[in-house]
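Student: Take this structure first; my questions come after.
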Amino acid sequence: MNSIYSVNGPVVKVRNTTDFSMLEMVYVGNKRLIGEVIGITDKETTIQVYEVTTGLKPGEPVYTTGAPMSATLGPGIISNIFDGIERPLRKIYDISGAFIAEGLNVPTLDTERIFDVTLKVSVGDTVSGGDIYAVCPETSIIEHRCMIPPRVSGEIIWVAENGEHKIDDEIVKLKNEKGETVTLTLCQKWPIREPRPIKNRLPINRPLITGQRVIDTVLPIAKGGTAAIPGGFGTGKTMTQHQLAKWCDADIIVYIGCGERGNEMTQVLEEFSGLVDPKSGKPLTDRTVLIANTSNMPVAAREASIYTGITLAEYYRDMGYHIAIMADSTSRWAEALREISGRLEEMPAEEGFPAYLPSRISEFYERAGYAETLNGSEGSVTIIGAVSPQGSDFSEPVTQNTKRFVRCFWTLDKALAYARHYPAINWTSSYSEYLEDLGDFYRENVDERFLEYRQEISNILIEENKLMEIVKLIGSDVLPDDQKLVIEIARVVRVGFLQQNAYHKDDTYVPLEKQFMMMGAILNLYKWCKKAVASGVSTAALLDTGLFEKVIKIKYDIPNDRLDMFRLLNAEIEEGISAVINKSNR
């Protein structure tokens, strides 16, 4: 019997054994705590334990399983709440109360729940990995599609009847190439650290529409893309991710609370349970999976939670759904890596993080993508990870290494957050590399001039940034009127377009068509004001017309379903500025 030699926090060592294999799941101690083999030498085996090791002693047994650390995949995942190693927290609460008892052996999915199953295969059919053999309604929004496991293929020799089944019931039997009979239920397992296979990677050319103007228009992210939201304490990372989860046009949201405070996860649970999905009118939880691994939970499970979440996302992607992952926050995950690395006595790199930190971050973000699945459908996994640099220092290792592997970087600015500017995304230090990829979509689905307008808006903000350096030195009074006009129009862009009200019924989510028309109204005002300034009208006289404030308020005054009102607004701008020009020329 293999027994414990030493215990150091979540790291357990076993000596003089060859029974274990790398990344194998094991049970540790008399309480059978869940662990994973993370190191093997000729003298000892190192195990990472995913539960609290208090009370664990040398000499207690360690049991092998012969299988890697895996996620259970099947109907019942959606609307559930799991910890970092996919244990159902609601079920655990019913058994042990508010605190998770050690060694709890709780089934991941409800084995007593009954699903109305419809078979999609018949006896004699030849199937291979990814083919759908049964479907059932998982929630009021999501249809669960049971797929042949990726490495299984053969001929169907038996199918169950349509109707009510539990997840462990036998549904299909097939004979593989070796002549062996393989029995399939409604669920399967998959190693969390291994990406699920796909047929092809497809071009990333469709935006993830969020309804947030600074994202959709200025800094867009594509379906299957990657984004990071770095920001110091209080800048609104969690709030931004909540808003994206609520409004983005993904089919399913996987929210990973990785090392966050318990009260924040409680807020997520309370908010999501009370929200209505704007697309279907059903509860938002009907298309949401929550993985809650708070800061007071075992640090090793925090490291695993990222992989658990991405595995669940890939499973639903393989069914043909579009998934958005909100990882909050990858900095806490990296801190878990650092703590475990220290206990393993590995050589530290910058700021104590392990030397393999960049490769782990890249492994995570590279599992995003837009793909043709094994069954020929299309699905995507979009990853949006929050980064929490200490003291808002964006030069620290986690932020810098994340920046290497994501194509969208939404920097949260403390000054904007404290000025109540939401979202507090700094448009000068943020960037998106998806603009060229998404150009055809905007031209075909919104307007040919969408990117042209977006570029003009960006140029105004860049010009304002340069002018403000001069203003700080000598004041704004000495600027010529054309430059004063740039500053005033930039204010309209910042307050009227980039700033958004998450609690206003029309401004919390803005469709792309209205975003385009808002840009058009601002640029129309700028065009007529430039014409007025060129004819000798002062910027002060233009401000007196009240049109600047009127354009700022269009996000509230023009409802999302009354876009025809923009025609009247543009006519009013033309008449108002023309009247000022005529008065000046008299």
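Here, A, B, ... name the chains of the structure tokens in the order displayed, residue numbers run from 1 inside each chain, and ligands are numbered from 1 in the same displayed order.
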Leaving out stretch 378-381 of chain A and any residue of its chain fewer than 6 positions from it, which residues lie within 9 Å of it when counting only C-alpha atoms, given as a list in words?
Tutor: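 Near neighbours after the sequence-gap exclusion: Leu202, Lys223, Gly224, Gly225, Thr226, Ala250, Ile310, Ala313, Glu314, Tyr316, Arg317, Asp318, Met319, Gly320, Tyr321, His322, Ile323, Ala324, Ile325, Arg367, Ala368, Gly369, Tyr370, Ala371 and Glu372 of chain A.
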Student: Taking the DSSP secondary structure from the backbone, can you list the residues of stretch 298-337 of chain A that are strand (DSSP E), as a PDB file with C-alpha atoms, in the first residue's frame?
Tutor:
```pdb
ATOM      1  CA  HIS A 322     -21.087  29.850 -28.995  1.00  0.00           C
ATOM      2  CA  ILE A 323     -19.599  30.139 -25.505  1.00  0.00           C
ATOM      3  CA  ALA A 324     -18.205  33.148 -23.635  1.00  0.00           C
ATOM      4  CA  ILE A 325     -15.927  32.493 -20.653  1.00  0.00           C
ATOM      5  CA  MET A 326     -15.549  35.169 -17.970  1.00  0.00           C
ATOM      6  CA  ALA A 327     -12.453  34.344 -15.886  1.00  0.00           C
ATOM      7  CA  ASP A 328     -12.285  36.571 -12.802  1.00  0.00           C
TER       8      ASP A 328
END
```
Student: Which residues, written as an MDAnalysis selection string, have at least one atom at most 9 Å from A:Asp277, with only C-alpha atoms counted and residues fewer than 2 positions away on the same chain left out?
Tutor: chainID A and resid 246:247 275 279:287
Student: Using only C-alpha atoms, can you tell me which of A:Ile558, A:Val12, A:Leu73, A:Ile457 comes closest to A:Val49?
Tutor: A:Val12
Student: So how far away is atom CA of A:Pro75 from atom CA of A:Asn162, in Å?
Tutor: 16.0 Å
Student: In Å, rounded to a single decimal, give me how far atom CA of A:Val254 is from atom CA of A:Thr308.
Tutor: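 Calculated distance between atom CA of A:Thr308 and atom CA of A:Val254 is 10.3 Å.
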Student: Just want the 8 Å neighbourhood of stretch 394-405 of chain A, counted on only C-alpha atoms, with same-chain residues fewer than 6 positions away dropped. Output as a PyMOL selection string.
Tutor: chain A and resi 228+230+331+334+350-351+353+357-358+361-362+365-366+387
Student: Determine the nearest neighbour of A:Tyr442 from the options A:Asn205, A:Ala419, A:Asn560, A:Met468, counting only C-alpha atoms.
Tutor: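 The closest residue to A:Tyr442 is A:Asn205.
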Student: Please provide as a list in words all residues within 12 Å of A:Arg443, with the sequence filter that same-chain residues fewer than 6 positions apart are discarded (counting only C-alpha atoms).
Tutor: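 Counting only C-alpha atoms, the residues come to Arg206, Leu435, Glu436, Asp437, Arg449, Phe450, Leu451, Glu452, Tyr453, Leu512, Glu513 and Phe516 of chain A.
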Student: Would you list the contacts of A:Ile4 as a ChimeraX atom specification, taking every protein, DNA or RNA residue within 6 Å and counting only C-alpha atoms, but skipping same-chain residues closer than 2 positions in sequence?
Tutor: /A:6,14,58-60
Student: Taking all heavy atoms for each residue, export the selection above as a short mmCIF file (atom, residue, chain, number, x, y, z; two decimals), in the first residue's frame.
Tutor:
```
data_model
loop_
_atom_site.label_atom_id
_atom_site.label_comp_id
_atom_site.auth_asym_id
_atom_site.auth_seq_id
_atom_site.Cartn_x
_atom_site.Cartn_y
_atom_site.Cartn_z
N SER A 6 5.33 12.84 3.23
CA SER A 6 5.37 14.20 3.79
C SER A 6 4.17 15.00 3.30
O SER A 6 3.61 14.72 2.24
CB SER A 6 6.67 14.92 3.40
OG SER A 6 6.67 15.23 2.02
N VAL A 14 4.94 10.91 -1.85
CA VAL A 14 4.95 9.47 -1.59
C VAL A 14 6.28 8.94 -2.09
O VAL A 14 6.72 9.27 -3.20
CB VAL A 14 3.79 8.76 -2.33
CG1 VAL A 14 3.82 7.27 -2.05
CG2 VAL A 14 2.45 9.35 -1.92
N PRO A 58 1.55 11.60 7.84
CA PRO A 58 2.38 10.59 7.16
C PRO A 58 1.92 9.19 7.55
O PRO A 58 1.49 8.94 8.68
CB PRO A 58 3.78 10.88 7.70
CG PRO A 58 3.76 12.32 8.10
CD PRO A 58 2.37 12.56 8.61
N GLY A 59 2.00 8.29 6.58
CA GLY A 59 1.59 6.92 6.83
C GLY A 59 0.19 6.61 6.34
O GLY A 59 -0.17 5.43 6.18
N GLU A 60 -0.64 7.66 6.11
CA GLU A 60 -1.99 7.40 5.59
C GLU A 60 -1.90 6.94 4.13
O GLU A 60 -0.99 7.33 3.40
CB GLU A 60 -2.85 8.66 5.71
CG GLU A 60 -3.20 9.04 7.15
CD GLU A 60 -4.29 10.10 7.22
OE1 GLU A 60 -5.18 10.10 6.34
OE2 GLU A 60 -4.23 10.93 8.15
#
```
